[in-house]
file my_file.cif (mmCIF, C-alpha atoms)
data_protein
loop_
_atom_site.label_atom_id
_atom_site.label_comp_id
_atom_site.auth_asym_id
_atom_site.auth_seq_id
_atom_site.Cartn_x
_atom_site.Cartn_y
_atom_site.Cartn_z
CA MET F 1100 -19.99 3.28 -0.61
CA SER F 1101 -20.77 0.94 -3.44
CA GLY F 1102 -24.53 1.23 -3.56
CA TYR F 1103 -27.28 1.88 -1.08
CA ALA F 1104 -30.61 0.32 -0.23
CA LEU F 1105 -33.73 2.45 -0.58
CA ASN F 1106 -33.69 3.13 3.17
CA GLY F 1107 -30.15 4.62 2.89
CA THR F 1108 -28.12 1.79 4.37
CA ALA F 1109 -24.88 0.92 2.57
CA LEU F 1110 -24.86 -2.34 0.60
CA ALA F 1111 -21.06 -2.67 0.73
CA THR F 1112 -18.14 -1.28 2.71
CA TYR F 1113 -15.95 -0.08 -0.17
CA ALA F 1114 -16.15 2.83 -2.60
CA ASN F 1115 -16.58 2.22 -6.31
CA ALA F 1116 -16.21 4.79 -9.09
CA SER F 1117 -19.21 3.40 -10.97
CA PHE F 1118 -21.41 4.64 -8.11
CA ILE F 1119 -19.48 7.76 -7.11
CA GLY F 1120 -19.14 9.15 -10.65
CA PRO F 1121 -22.85 9.34 -11.46
CA ALA F 1122 -23.56 10.73 -7.98
CA THR F 1123 -21.10 13.53 -8.82
CA ALA F 1124 -23.03 14.48 -11.96
CA GLY F 1125 -26.34 14.12 -10.09
CA ALA F 1126 -25.20 16.49 -7.36
CA MET F 1127 -25.16 19.27 -9.94
CA VAL F 1128 -28.96 19.61 -9.98
CA ASP F 1129 -29.13 22.17 -7.18
CA ALA F 1130 -26.68 24.60 -5.59
CA LYS F 1131 -27.59 23.28 -2.13
CA PHE F 1132 -25.62 20.12 -3.01
CA GLN F 1133 -22.41 22.06 -3.73
CA PRO F 1134 -20.54 20.83 -0.61
CA PHE F 1135 -21.48 17.23 -1.50
CA LEU F 1136 -20.42 17.82 -5.11
CA ASN F 1137 -17.08 19.25 -3.94
CA ASN F 1138 -16.43 16.19 -1.77
CA LEU F 1139 -17.29 13.80 -4.59
CA TRP F 1140 -15.09 15.72 -7.03
CA THR F 1141 -12.16 15.70 -4.59
CA TYR F 1142 -12.54 11.98 -3.97
CA SER F 1143 -12.82 11.13 -7.68
CA ALA F 1144 -9.84 13.30 -8.64
CA ALA F 1145 -7.67 11.67 -5.95
CA ASN F 1146 -8.84 8.08 -6.58
CA PRO F 1147 -8.89 7.27 -10.30
CA SER F 1148 -10.32 3.87 -11.08
CA ASN F 1149 -8.34 1.18 -12.90
CA GLY F 1150 -11.32 -0.84 -14.10
CA TYR F 1151 -12.61 -0.19 -17.61
CA TYR F 1152 -16.30 0.10 -16.71
CA ASP F 1153 -15.70 2.08 -13.52
CA ASN F 1154 -13.16 4.34 -15.20
CA GLU F 1155 -15.52 5.27 -18.04
CA LEU F 1156 -18.37 6.18 -15.70
CA GLN F 1157 -15.99 8.17 -13.53
CA LEU F 1158 -14.49 10.02 -16.51
CA LEU F 1159 -17.81 10.86 -18.16
CA SER F 1160 -19.24 12.10 -14.87
CA LEU F 1161 -16.22 14.33 -14.21
CA VAL F 1162 -16.43 15.73 -17.74
CA VAL F 1163 -20.08 16.65 -17.12
CA ALA F 1164 -19.40 18.07 -13.65
CA SER F 1165 -16.49 20.19 -14.93
CA GLY F 1166 -18.72 21.78 -17.59
CA ASN F 1167 -16.70 20.31 -20.46
CA TRP F 1168 -19.44 18.14 -21.96
CA TRP F 1169 -19.76 19.15 -25.61
CA ASN F 1170 -23.27 20.19 -26.57
CA PRO F 1171 -23.58 20.14 -30.36
#
call {"tool": "encode", "arguments": {"input": "my_file.cif", "output": "structure tokens"}}
result
Amino acid sequence: MSGYALNGTALATYANASFIGPATAGAMVDAKFQPFLNNLWTYSAANPSNGYYDNELQLLSLVVASGNWWNP
């Protein structure tokens, strides 16, 4: 969903790439989140955003999650 309160309740009833993208990258911190990461990746790959801001956050997060972030 598009944001959550601190107690875990959804703030909206629709999905938004600007929230899902960063959650995808964040799910990489521990292998125990792999099923969650897989679900987020599948959703993001199947639902590209059309909004500029949302699209950029989604793209950057997928680049990080795929291991293609360039580290100089």
call {"tool": "atom_distance", "arguments": {"input": "my_file.cif", "atom1": "CA of Ser1148 (chain F)", "atom2": "CA of Pro1171 (chain F)"}}
result
28.5 Å
call {"tool": "resolve_selection", "arguments": {"input": "my_file.cif", "expression": "the PyMOL selection byres ((chain F and resi 1159) around 12)", "output": "list in words"}}
result
Ala1116, Ser1117, Ile1119, Gly1120, Pro1121, Ala1122, Thr1123, Ala1124, Ser1143, Tyr1152, Asp1153, Asn1154, Glu1155, Leu1156, Gln1157, Leu1158, Ser1160, Leu1161, Val1162, Val1163, Ala1164, Ser1165, Gly1166, Asn1167, Trp1168 and Trp1169 of chain F
call {"tool": "atom_distance", "arguments": {"input": "my_file.cif", "atom1": "CA of Ala1126 (chain F)", "atom2": "CA of Gly1107 (chain F)"}}
result
16.4 Å
call {"tool": "atom_distance", "arguments": {"input": "my_file.cif", "atom1": "CA of Tyr1142 (chain F)", "atom2": "CA of Ala1114 (chain F)"}}
result
9.9 Å
call {"tool": "residues_near_point", "arguments": {"input": "my_file.cif", "point": "(-20.4, 5.7, -3.3)", "cutoff": "7 Å", "atoms": "all atoms listed in the file", "output": "list in words"}}
result
Met1100, Ser1101, Gly1102, Ala1114, Asn1115, Phe1118 and Ile1119 of chain F
